[in-house]
file entry-v2.cif (mmCIF, C-alpha atoms and all ligand atoms)
data_coords
loop_
_atom_site.label_atom_id
_atom_site.label_comp_id
_atom_site.auth_asym_id
_atom_site.auth_seq_id
_atom_site.Cartn_x
_atom_site.Cartn_y
_atom_site.Cartn_z
CA MET A 13 -13.03 -19.11 -0.16
CA THR A 14 -16.47 -17.52 0.36
CA ALA A 15 -17.15 -13.80 0.26
CA ALA A 16 -18.52 -12.01 3.34
CA ASN A 17 -18.37 -14.40 6.27
CA ASN A 18 -19.14 -13.64 9.90
CA ASN A 19 -16.92 -16.45 11.11
CA THR A 20 -13.77 -15.50 9.23
CA THR A 21 -11.03 -13.74 11.12
CA VAL A 22 -8.59 -11.70 9.04
CA PHE A 23 -5.24 -10.57 10.40
CA VAL A 24 -3.97 -7.25 8.97
CA SER A 25 -0.38 -6.23 9.77
CA GLY A 26 0.41 -2.49 9.91
CA ALA A 27 -3.19 -1.64 10.79
CA SER A 28 -2.47 2.05 11.42
CA GLY A 29 -1.28 2.58 7.83
CA PHE A 30 -3.00 4.56 5.08
CA ILE A 31 -3.85 1.51 2.95
CA ALA A 32 -4.52 -0.85 5.87
CA GLN A 33 -7.15 1.44 7.38
CA HIS A 34 -9.13 1.32 4.12
CA ILE A 35 -8.76 -2.46 3.96
CA ILE A 36 -10.02 -2.82 7.55
CA ARG A 37 -12.93 -0.44 6.91
CA GLN A 38 -14.04 -2.56 3.93
CA LEU A 39 -13.51 -5.84 5.83
CA LEU A 40 -15.66 -4.61 8.72
CA ASP A 41 -18.32 -3.47 6.24
CA GLN A 42 -18.35 -7.06 4.93
CA ASN A 43 -18.73 -8.42 8.49
CA TYR A 44 -15.29 -9.96 8.82
CA LYS A 45 -13.63 -10.09 12.22
CA VAL A 46 -10.33 -8.24 12.07
CA ILE A 47 -7.21 -8.40 14.21
CA GLY A 48 -4.75 -5.66 13.32
CA SER A 49 -1.14 -5.24 14.43
CA VAL A 50 0.08 -1.83 15.54
CA ARG A 51 3.28 -0.60 17.15
CA SER A 52 1.76 0.92 20.31
CA THR A 53 -1.27 0.70 22.61
CA GLU A 54 -2.01 4.32 21.82
CA LYS A 55 -2.32 3.57 18.08
CA GLY A 56 -4.38 0.44 18.77
CA ASP A 57 -6.78 2.21 21.15
CA ASN A 58 -7.20 5.05 18.67
CA LEU A 59 -8.13 2.60 15.91
CA LYS A 60 -10.48 0.62 18.14
CA ASN A 61 -12.21 3.43 19.98
CA ALA A 62 -12.04 6.47 17.72
CA ILE A 63 -11.71 5.16 14.16
CA PHE A 64 -13.37 1.76 13.69
CA LYS A 65 -15.54 1.70 16.84
CA SER A 66 -16.40 -1.94 16.21
CA ALA A 67 -16.48 -5.04 18.40
CA ASN A 68 -15.22 -6.89 15.32
CA PHE A 69 -11.92 -4.98 15.38
CA ASN A 70 -9.20 -5.90 17.87
CA TYR A 71 -5.49 -5.29 17.89
CA GLU A 72 -2.18 -6.78 18.97
CA ILE A 73 1.14 -5.00 19.41
CA VAL A 74 3.97 -5.85 16.99
CA LYS A 75 6.66 -3.30 17.70
CA ASP A 76 9.22 -3.92 14.98
CA ILE A 77 8.87 -6.25 12.02
CA ALA A 78 12.67 -6.24 11.57
CA ASP A 79 12.64 -8.80 14.42
CA LEU A 80 12.11 -12.16 12.71
CA ASN A 81 10.07 -13.43 15.68
CA ALA A 82 7.92 -10.31 15.94
CA PHE A 83 4.69 -12.03 14.85
CA ASP A 84 5.12 -15.21 16.95
CA PRO A 85 3.02 -14.04 19.92
CA VAL A 86 0.13 -13.03 17.62
CA PHE A 87 -0.05 -16.41 15.90
CA GLU A 88 0.61 -18.31 19.12
CA LYS A 89 -2.42 -16.59 20.62
CA HIS A 90 -4.78 -16.37 17.62
CA GLY A 91 -3.42 -18.97 15.21
CA LYS A 92 -6.45 -21.22 15.65
CA ASP A 93 -8.83 -18.45 14.53
CA ILE A 94 -7.03 -16.64 11.71
CA LYS A 95 -7.98 -17.83 8.23
CA VAL A 96 -6.67 -14.92 6.20
CA VAL A 97 -3.50 -12.82 6.58
CA LEU A 98 -3.05 -9.50 4.81
CA HIS A 99 0.55 -8.38 5.31
CA THR A 100 0.68 -4.63 4.62
CA ALA A 101 3.30 -3.48 7.16
CA SER A 102 6.54 -2.28 5.56
CA PRO A 103 8.59 0.88 5.95
CA LEU A 104 7.82 3.56 3.37
CA ASN A 105 10.41 6.23 4.05
CA PHE A 106 12.09 8.31 1.34
CA THR A 107 14.34 10.36 3.64
CA THR A 108 16.53 7.82 5.43
CA THR A 109 20.20 7.31 4.55
CA GLU A 110 20.34 3.99 6.44
CA TYR A 111 18.95 1.91 3.63
CA GLU A 112 19.51 -1.58 5.06
CA LYS A 113 18.45 -0.78 8.61
CA ASP A 114 15.41 1.35 7.81
CA LEU A 115 14.15 -0.17 4.57
CA LEU A 116 15.61 -3.43 3.28
CA ILE A 117 15.90 -5.45 6.50
CA PRO A 118 12.48 -4.61 8.02
CA ALA A 119 10.73 -5.19 4.69
CA VAL A 120 12.35 -8.58 4.08
CA ASN A 121 12.33 -9.78 7.71
CA GLY A 122 8.72 -8.63 8.12
CA THR A 123 7.64 -10.85 5.24
CA LYS A 124 9.83 -13.82 6.18
CA GLY A 125 8.90 -13.45 9.85
CA ILE A 126 5.13 -13.39 9.40
CA LEU A 127 5.24 -16.43 7.09
CA GLU A 128 7.45 -18.35 9.54
CA SER A 129 5.04 -17.50 12.38
CA ILE A 130 2.13 -18.83 10.32
CA LYS A 131 4.13 -22.00 9.65
CA LYS A 132 4.92 -22.41 13.37
CA TYR A 133 1.47 -21.75 14.82
CA ALA A 134 -1.17 -21.75 12.06
CA ALA A 135 0.14 -23.93 9.23
CA GLN A 136 -3.22 -25.66 8.82
CA THR A 137 -5.59 -22.82 9.76
CA VAL A 138 -4.41 -19.90 7.60
CA GLU A 139 -5.88 -20.49 4.13
CA ARG A 140 -4.93 -17.32 2.32
CA VAL A 141 -2.09 -14.80 2.53
CA VAL A 142 -2.03 -11.54 0.58
CA VAL A 143 1.23 -9.60 0.69
CA THR A 144 1.10 -5.89 -0.13
CA SER A 145 4.01 -5.67 -2.50
CA SER A 146 4.48 -2.86 -5.02
CA PHE A 147 5.00 -1.78 -8.59
CA ALA A 148 8.54 -1.33 -7.20
CA SER A 149 9.03 -5.08 -7.29
CA HIS A 150 8.38 -4.94 -11.06
CA THR A 151 10.95 -2.24 -11.95
CA SER A 152 13.70 -0.03 -10.54
CA THR A 153 13.71 3.78 -10.38
CA VAL A 154 16.12 3.68 -13.34
CA ASP A 155 14.29 1.14 -15.51
CA MET A 156 10.89 2.81 -15.04
CA CYS A 157 12.10 5.68 -17.26
CA ASN A 158 12.44 3.76 -20.52
CA THR A 159 9.60 4.89 -22.79
CA LYS A 160 10.37 2.05 -25.21
CA GLY A 161 9.97 -0.69 -22.59
CA LYS A 162 6.90 -2.27 -21.01
CA ILE A 163 6.13 -3.21 -17.41
CA THR A 164 3.69 -6.06 -16.85
CA GLU A 165 2.61 -8.46 -14.12
CA ASP A 166 5.57 -10.67 -15.04
CA SER A 167 8.29 -7.99 -14.82
CA TRP A 168 10.81 -8.03 -11.98
CA ASN A 169 12.97 -5.19 -10.66
CA GLN A 170 16.52 -6.15 -11.73
CA ASP A 171 18.36 -4.22 -8.99
CA THR A 172 20.62 -6.15 -6.63
CA TRP A 173 20.79 -5.75 -2.83
CA GLU A 174 23.98 -3.69 -3.32
CA ASN A 175 23.14 -1.52 -6.31
CA CYS A 176 19.70 -0.44 -5.04
CA GLN A 177 21.42 1.39 -2.16
CA THR A 178 22.16 4.65 -4.00
CA ASP A 179 19.25 6.68 -2.60
CA ALA A 180 16.24 6.07 -0.38
CA VAL A 181 13.67 5.77 -3.18
CA ARG A 182 15.73 3.20 -5.08
CA ALA A 183 16.41 1.31 -1.85
CA TYR A 184 12.68 1.34 -1.04
CA PHE A 185 12.03 -0.14 -4.50
CA GLY A 186 14.63 -2.81 -3.70
CA SER A 187 13.06 -3.49 -0.30
CA LYS A 188 9.74 -4.32 -1.95
CA LYS A 189 11.36 -6.54 -4.58
CA PHE A 190 13.35 -8.57 -2.04
CA ALA A 191 10.37 -8.84 0.33
CA GLU A 192 8.08 -10.11 -2.43
CA GLU A 193 10.73 -12.53 -3.66
CA ALA A 194 11.06 -13.86 -0.11
CA ALA A 195 7.31 -14.54 0.01
CA TRP A 196 7.25 -16.57 -3.22
CA GLU A 197 10.45 -18.42 -2.19
CA PHE A 198 8.96 -19.26 1.21
CA LEU A 199 5.88 -20.73 -0.42
CA ASN A 200 7.93 -22.70 -2.87
CA LYS A 201 10.00 -24.24 -0.07
CA ASN A 202 7.09 -24.85 2.29
CA LYS A 203 4.22 -25.78 0.02
CA ASP A 204 3.90 -29.21 1.59
CA THR A 205 3.93 -27.82 5.13
CA VAL A 206 1.60 -24.82 4.99
CA LYS A 207 -1.99 -24.79 3.77
CA PHE A 208 -2.17 -21.20 2.58
CA LYS A 209 -2.31 -19.90 -0.99
CA LEU A 210 -0.58 -16.62 -1.83
CA ALA A 211 -1.31 -13.56 -3.96
CA THR A 212 0.41 -10.18 -3.99
CA VAL A 213 -1.10 -6.73 -4.54
CA ASP A 214 1.45 -4.54 -6.31
CA PRO A 215 0.32 -0.91 -6.52
CA VAL A 216 1.84 2.12 -8.20
CA TYR A 217 1.58 5.41 -6.21
CA VAL A 218 -1.50 5.21 -4.03
CA PHE A 219 -3.57 8.39 -3.74
CA GLY A 220 -7.13 9.03 -2.58
CA PRO A 221 -8.75 10.18 0.65
CA GLN A 222 -7.54 9.08 4.07
CA ASN A 223 -9.86 6.72 5.92
CA HIS A 224 -9.52 9.23 8.73
CA ILE A 225 -7.64 12.53 9.11
CA GLU A 226 -6.72 13.44 12.69
CA PRO A 227 -7.65 17.08 13.41
CA GLY A 228 -4.62 19.30 12.90
CA LYS A 229 -2.62 16.63 11.02
CA LYS A 230 -0.39 18.49 8.56
CA VAL A 231 1.81 15.76 7.09
CA LEU A 232 0.23 12.68 5.51
CA ASN A 233 1.69 9.29 4.56
CA VAL A 234 4.44 9.39 1.91
CA SER A 235 2.30 8.88 -1.22
CA SER A 236 -0.60 11.12 -0.12
CA GLU A 237 1.92 13.78 0.81
CA VAL A 238 2.60 14.35 -2.92
CA ILE A 239 -0.88 15.87 -3.37
CA ASN A 240 -0.96 17.44 0.10
CA GLN A 241 2.30 19.27 -0.69
CA LEU A 242 1.00 20.61 -4.02
CA VAL A 243 -2.15 21.95 -2.36
CA HIS A 244 0.07 23.88 0.09
CA LEU A 245 2.71 25.26 -2.29
CA LYS A 246 2.86 29.03 -2.88
CA LYS A 247 2.38 30.25 -6.44
CA ASP A 248 6.11 30.71 -7.15
CA ASP A 249 7.52 27.81 -5.13
CA PRO A 250 9.73 25.35 -7.01
CA LEU A 251 7.93 22.16 -7.99
CA PRO A 252 8.80 18.77 -6.53
CA GLN A 253 9.82 16.16 -9.10
CA VAL A 254 7.86 12.94 -9.08
CA ALA A 255 6.29 10.88 -11.83
CA CYS A 256 4.81 7.37 -11.75
CA GLY A 257 1.49 5.57 -12.07
CA TYR A 258 -1.46 6.39 -9.79
CA ILE A 259 -4.26 4.31 -8.26
CA ASP A 260 -6.95 5.02 -5.67
CA VAL A 261 -6.57 3.60 -2.16
CA ARG A 262 -10.20 2.42 -2.13
CA ASP A 263 -9.47 0.28 -5.20
CA ILE A 264 -6.33 -1.08 -3.53
CA ALA A 265 -8.33 -2.09 -0.47
CA LYS A 266 -10.94 -3.81 -2.64
CA ALA A 267 -8.18 -5.66 -4.52
CA HIS A 268 -6.73 -7.01 -1.25
CA ILE A 269 -10.11 -8.43 -0.30
CA LEU A 270 -10.82 -9.94 -3.72
CA ALA A 271 -7.28 -11.36 -3.70
CA PHE A 272 -8.30 -13.79 -0.95
CA GLN A 273 -11.96 -14.19 -1.92
CA LYS A 274 -11.52 -15.18 -5.57
CA ASP A 275 -9.84 -18.49 -6.41
CA GLU A 276 -8.75 -17.13 -9.82
CA LEU A 277 -6.41 -14.73 -8.01
CA ILE A 278 -4.38 -17.44 -6.28
CA GLY A 279 -0.72 -17.20 -7.28
CA GLN A 280 -1.14 -13.83 -9.04
CA ARG A 281 0.99 -10.70 -8.80
CA LEU A 282 -1.76 -8.11 -9.21
CA LEU A 283 -0.37 -4.93 -10.77
CA LEU A 284 -2.64 -2.11 -9.65
CA HIS A 285 -2.41 0.92 -11.92
CA SER A 286 -5.00 3.35 -13.26
CA GLY A 287 -2.92 5.92 -15.22
CA LEU A 288 0.40 7.79 -15.30
CA PHE A 289 1.11 11.19 -13.73
CA THR A 290 3.73 13.89 -13.41
CA VAL A 291 3.53 16.81 -10.98
CA GLN A 292 2.23 18.88 -13.91
CA THR A 293 -0.63 16.42 -14.53
CA LEU A 294 -1.62 16.71 -10.87
CA LEU A 295 -1.37 20.52 -10.87
CA ASP A 296 -3.47 20.75 -14.04
CA ALA A 297 -6.20 18.63 -12.41
CA ILE A 298 -6.10 20.48 -9.07
CA ASN A 299 -6.20 23.93 -10.74
CA GLU A 300 -9.04 22.89 -13.01
CA GLN A 301 -11.16 21.22 -10.34
CA PHE A 302 -10.51 23.67 -7.47
CA PRO A 303 -10.94 27.26 -8.73
CA GLU A 304 -10.44 28.53 -5.16
CA LEU A 305 -6.80 27.33 -5.30
CA ARG A 306 -6.05 28.90 -8.71
CA GLY A 307 -3.49 31.70 -8.37
CA LYS A 308 -2.56 30.54 -4.84
CA ILE A 309 -0.74 27.37 -5.89
CA PRO A 310 1.65 27.02 -8.86
CA ALA A 311 0.21 26.50 -12.34
CA GLY A 312 3.49 25.20 -13.82
CA GLU A 313 3.20 25.00 -17.60
CA PRO A 314 -0.27 23.55 -18.14
CA GLY A 315 -0.40 20.61 -20.53
CA SER A 316 3.40 20.17 -20.58
CA ASN A 317 5.56 17.40 -19.10
CA LYS A 318 3.40 14.51 -20.22
CA PRO A 319 4.09 11.30 -18.25
CA GLU A 320 3.97 9.20 -21.43
CA ASP A 321 7.11 11.05 -22.62
CA LEU A 322 9.06 10.12 -19.47
CA LEU A 323 7.90 6.77 -18.15
CA THR A 324 7.86 3.14 -19.18
CA PRO A 325 4.33 2.15 -20.22
CA ILE A 326 2.55 -0.16 -17.77
CA ASP A 327 0.37 -2.93 -19.19
CA ASN A 328 -1.85 -4.42 -16.49
CA THR A 329 -4.58 -5.79 -18.75
CA LYS A 330 -4.35 -9.18 -17.04
CA THR A 331 -4.91 -7.72 -13.57
CA LYS A 332 -7.88 -5.61 -14.68
CA LYS A 333 -9.49 -8.66 -16.24
CA LEU A 334 -8.85 -10.83 -13.16
CA LEU A 335 -10.20 -8.24 -10.73
CA GLY A 336 -13.14 -7.31 -12.93
CA PHE A 337 -13.85 -3.80 -11.66
CA GLU A 338 -13.05 -0.29 -12.97
CA PHE A 339 -10.32 1.65 -11.21
CA ARG A 340 -11.09 5.24 -10.23
CA ASP A 341 -9.73 7.89 -12.61
CA LEU A 342 -7.52 10.87 -11.80
CA LYS A 343 -10.42 13.33 -11.77
CA THR A 344 -12.24 11.38 -9.07
CA ILE A 345 -9.05 10.82 -7.08
CA ILE A 346 -8.11 14.51 -7.13
CA GLN A 347 -11.67 15.58 -6.30
CA ASP A 348 -11.98 13.30 -3.26
CA THR A 349 -8.40 13.76 -2.01
CA VAL A 350 -8.19 17.54 -2.26
CA SER A 351 -11.74 18.12 -0.94
CA GLN A 352 -10.92 16.04 2.11
CA ILE A 353 -7.69 17.96 2.77
CA LEU A 354 -9.46 21.33 2.47
CA GLU A 355 -12.44 20.23 4.58
CA ALA A 356 -10.16 18.86 7.32
CA GLU A 357 -8.29 22.17 7.42
CA ASN A 358 -11.49 24.17 7.64
CA ALA A 359 -12.71 21.93 10.45
CA SER A 360 -9.37 22.27 12.32
CA ALA A 361 -9.45 26.07 11.90
CA LYS A 362 -12.86 26.16 13.63
CA LEU A 363 -11.64 24.17 16.66
P1 LIG A 401 1.99 3.72 5.76
O1 LIG A 401 3.33 4.30 6.09
O2 LIG A 401 0.80 4.56 5.98
O3 LIG A 401 1.80 2.34 6.52
C1 LIG A 401 2.86 1.48 6.78
C2 LIG A 401 2.48 0.61 7.96
O4 LIG A 401 3.58 -0.27 8.26
C3 LIG A 401 2.23 1.43 9.23
O5 LIG A 401 1.21 0.82 9.99
C4 LIG A 401 3.56 1.33 9.96
O6 LIG A 401 3.45 1.52 11.36
C5 LIG A 401 3.95 -0.10 9.63
N1 LIG A 401 5.40 -0.29 9.77
C6 LIG A 401 6.39 0.30 9.05
N2 LIG A 401 7.59 -0.11 9.50
C7 LIG A 401 7.36 -0.96 10.53
C8 LIG A 401 8.21 -1.70 11.42
N3 LIG A 401 9.54 -1.65 11.31
N4 LIG A 401 7.61 -2.45 12.36
C9 LIG A 401 6.26 -2.52 12.49
N5 LIG A 401 5.41 -1.85 11.68
C10 LIG A 401 5.96 -1.08 10.72
O7 LIG A 401 2.12 3.29 4.24
P2 LIG A 401 1.03 2.78 3.18
O8 LIG A 401 -0.25 2.47 3.83
O9 LIG A 401 1.10 3.70 2.06
O10 LIG A 401 1.75 1.42 2.72
C11 LIG A 401 1.28 0.15 3.12
C12 LIG A 401 1.92 -0.90 2.26
O11 LIG A 401 1.68 -0.62 0.88
C13 LIG A 401 3.45 -0.98 2.40
O12 LIG A 401 3.82 -2.33 2.29
C14 LIG A 401 3.94 -0.20 1.17
O13 LIG A 401 5.24 -0.60 0.78
C15 LIG A 401 2.90 -0.61 0.16
N6 LIG A 401 2.78 0.29 -0.98
C16 LIG A 401 2.37 1.58 -0.80
C17 LIG A 401 2.25 2.43 -1.88
C18 LIG A 401 1.80 3.85 -1.72
O14 LIG A 401 1.89 4.60 -2.70
N7 LIG A 401 1.31 4.26 -0.56
C19 LIG A 401 2.56 1.97 -3.24
C20 LIG A 401 2.97 0.59 -3.32
C21 LIG A 401 3.05 -0.21 -2.22
P3 LIG A 401 3.62 3.00 12.00
O15 LIG A 401 2.59 3.85 11.34
O16 LIG A 401 3.40 2.80 13.44
O17 LIG A 401 5.01 3.42 11.63
#
call {"tool": "encode", "arguments": {"input": "entry-v2.cif", "output": "structure tokens"}}
result
Amino acid sequence: MTAANNNTTVFVSGASGFIAQHIIRQLLDQNYKVIGSVRSTEKGDNLKNAIFKSANFNYEIVKDIADLNAFDPVFEKHGKDIKVVLHTASPLNFTTTEYEKDLLIPAVNGTKGILESIKKYAAQTVERVVVTSSFASHTSTVDMCNTKGKITEDSWNQDTWENCQTDAVRAYFGSKKFAEEAAWEFLNKNKDTVKFKLATVDPVYVFGPQNHIEPGKKVLNVSSEVINQLVHLKKDDPLPQVACGYIDVRDIAKAHILAFQKDELIGQRLLLHSGLFTVQTLLDAINEQFPELRGKIPAGEPGSNKPEDLLTPIDNTKTKKLLGFEFRDLKTIIQDTVSQILEAENASAKL
């Protein structure tokens, strides 16, 4: 498949999302035509008229991906034009107690549903599908804390549908595993019926600036909220507990685009990871890089709580080689993320 191409229409599900907005921005910059799905006219109009402001961006409403037929109208209407499908929509919610209803079922049905709609209406026009999966499909919240293990592109989360339902984070991990499995199974069963080739983009925690921060917006998407929360803690507040790998959203967006442009990426599970973090690692970087926050936010115990002492090492050498570009480091991510949060607050305060 060729790189930038004025005649290629890309469908992006979950267009209002943190990652999807960066993908769409980069697609528009490369002159692709984009159709995004959103859950309401209000969200679609905001993307079209206030955020992307481009004749090459249009949207369709897909209210709930838990409905297996949710994508049918989109592919019935545009199936002849869409060559590439980037399926990013999936619930990312760490507070629900209704694990099947709010996480597992929409994630799995969303993936099955969009692939079935392609089969029904665009079996011979869609050439590439990229599913936004996750590091969570490679390991469970329990197995990611084994410092003697190793997580690679080939690893699979071993949780079952039943045993992942102990808490929302573990169930979210399960939702990504079962959704990704469904995608590969679909392709296996339908490889003689559909034309498309598949790749998955499997990121660890995604940080980095928002494509757009609405004035006055206080709570960000789940992964960005980790840094947003730290920037707003008081000096003596208790620290949240989270540790994982990190990667920049701009690199994730680029990986989605390369995943359909480069033939070498067909069939790959791309494991997107730049380095490991704990809350202490993030606090150390924020305090060092933003002197104006020092003394206002917690310092923790600088240099302690090293992620390497808590987490399973991640080896994504294969992915880095296949993608062929350097991922942003923590310093750059913290600089760009925190500056944007502070600038947006200053701008809102002046309104
Ligand atoms: P966001 O929450 O910002 O975006 C999720 C998108 O999915 C939104 O557009 C949301 O719509 C849509 N969506 C969720 N549930 C439904 C539903 N039931 N029906 C229709 N649309 C729905 O999250 P991210 O951008 O961070 O995540 C995007 C993808 O990346 C997801 O697949 C996620 O699992 C994956 N991922 C994210 C990581 C991260 O750290 N951020 C790490 C690894 C993977 P609306 O906004 O209207 O609710």
call {"tool": "residues_around", "arguments": {"input": "entry-v2.cif", "residues": "A:Leu354", "least_positions_apart": "2", "cutoff": "12 Å", "atoms": "all atoms listed in the file", "output": "list in words"}}
result
Pro221, Ile225, Pro227, Gly228, Lys229, Lys230, Ile239, Asn240, Val243, His244, Phe302, Glu304, Leu305, Ile346, Gln347, Asp348, Thr349, Val350, Ser351, Gln352, Ala356, Glu357, Asn358, Ala359, Ser360 and Ala361 of chain A
call {"tool": "closest_residue", "arguments": {"input": "entry-v2.cif", "among": "A:Asp79, A:Asp84, A:Asp296, A:Asp327", "to": "A:Glu313", "atoms": "only C-alpha atoms"}}
result
A:Asp296
call {"tool": "closest_residue", "arguments": {"input": "entry-v2.cif", "among": "A:Glu72, A:Asp341, A:Asp179, A:Asp321", "to": "ligand LIG 401 (chain A)", "atoms": "all atoms listed in the file"}}
result
A:Glu72
call {"tool": "closest_residue", "arguments": {"input": "entry-v2.cif", "among": "A:Ala183, A:Val138, A:Leu40, A:Val46", "to": "ligand LIG 401 (chain A)", "atoms": "all atoms listed in the file"}}
result
A:Ala183
call {"tool": "closest_residue", "arguments": {"input": "entry-v2.cif", "among": "A:Leu232, A:Ala195, A:Ala297, A:Ala267", "to": "ligand LIG 401 (chain A)", "atoms": "all atoms listed in the file"}}
result
A:Leu232
call {"tool": "closest_atom_pairs", "arguments": {"input": "entry-v2.cif", "of": "chain A", "to": "ligand LIG 401 (chain A)", "cutoff": "7 Å", "atoms": "all atoms listed in the file", "output": "CSV"}}
result
residue,atom,partner,partner_atom,distance
A:Gly26,CA,A:LIG401,O5,3.4
A:Ala27,CA,A:LIG401,O5,5.1
A:Ser28,CA,A:LIG401,O5,4.1
A:Gly29,CA,A:LIG401,O3,3.4
A:Phe30,CA,A:LIG401,O8,3.7
A:Ile31,CA,A:LIG401,O8,3.8
A:Ala32,CA,A:LIG401,O8,5.8
A:Val50,CA,A:LIG401,O16,6.1
A:Arg51,CA,A:LIG401,O16,5.0
A:Val74,CA,A:LIG401,C9,6.0
A:Lys75,CA,A:LIG401,C9,5.3
A:Asp76,CA,A:LIG401,N4,3.4
A:Ile77,CA,A:LIG401,N4,4.0
A:Ala78,CA,A:LIG401,N3,5.6
A:Thr100,CA,A:LIG401,O12,4.5
A:Ala101,CA,A:LIG401,O4,3.4
A:Ser102,CA,A:LIG401,O12,4.3
A:Pro103,CA,A:LIG401,N2,3.8
A:Leu104,CA,A:LIG401,O1,5.3
A:Pro118,CA,A:LIG401,N3,5.3
A:Thr144,CA,A:LIG401,O12,5.1
A:Ser145,CA,A:LIG401,C21,5.6
A:Ser146,CA,A:LIG401,C21,4.1
A:Phe147,CA,A:LIG401,C20,6.1
A:Lys188,CA,A:LIG401,O13,6.4
A:Asp214,CA,A:LIG401,C20,6.1
A:Pro215,CA,A:LIG401,C20,4.4
A:Val216,CA,A:LIG401,C19,5.0
A:Tyr217,CA,A:LIG401,O14,3.6
A:Val218,CA,A:LIG401,O14,3.7
A:Phe219,CA,A:LIG401,O14,6.7
A:Asn233,CA,A:LIG401,O2,5.0
A:Val234,CA,A:LIG401,N7,6.5
A:Ser235,CA,A:LIG401,O14,4.5
call {"tool": "closest_residue", "arguments": {"input": "entry-v2.cif", "among": "A:Arg306, A:Arg281, A:His224, A:Lys332", "to": "A:Phe64", "atoms": "only C-alpha atoms"}}
result
A:His224
call {"tool": "closest_residue", "arguments": {"input": "entry-v2.cif", "among": "A:Lys95, A:Tyr258, A:Gln301, A:Thr293", "to": "A:Asn317", "atoms": "all atoms listed in the file"}}
result
A:Thr293
call {"tool": "atom_distance", "arguments": {"input": "entry-v2.cif", "atom1": "atom CA of A:Thr331", "atom2": "atom CA of A:Thr20"}}
result
25.7 Å
call {"tool": "residues_around", "arguments": {"input": "entry-v2.cif", "residues": "stretch 153-157 of chain A", "least_positions_apart": "3", "cutoff": "6 Å", "atoms": "only C-alpha atoms", "output": "MDAnalysis selection string"}}
result
chainID A and resid 182 322:324
call {"tool": "residues_near_point", "arguments": {"input": "entry-v2.cif", "point": "(-7.0, -7.2, 16.0)", "cutoff": "8 Å", "atoms": "all atoms listed in the file", "output": "list in words"}}
result
Phe23, Val24, Val46, Ile47, Gly48, Ser49, Phe69, Asn70, Tyr71 and Glu72 of chain A
call {"tool": "atom_distance", "arguments": {"input": "entry-v2.cif", "atom1": "atom CA of A:Ser316", "atom2": "atom CA of A:Leu294"}}
result
11.5 Å
call {"tool": "atom_distance", "arguments": {"input": "entry-v2.cif", "atom1": "atom CA of A:Ile130", "atom2": "atom CA of A:Phe272"}}
result
16.2 Å
call {"tool": "residues_around", "arguments": {"input": "entry-v2.cif", "residues": "stretch 131-137 of chain A", "least_positions_apart": "2", "cutoff": "6 Å", "atoms": "only C-alpha atoms", "output": "ChimeraX atom specification"}}
result
/A:87-88,91,95,128-129,206-207
call {"tool": "residues_around", "arguments": {"input": "entry-v2.cif", "residues": "A:Leu277", "least_positions_apart": "2", "cutoff": "12 Å", "atoms": "only C-alpha atoms", "output": "ChimeraX atom specification"}}
result
/A:13,140-142,209-213,267-275,279-283,330-336
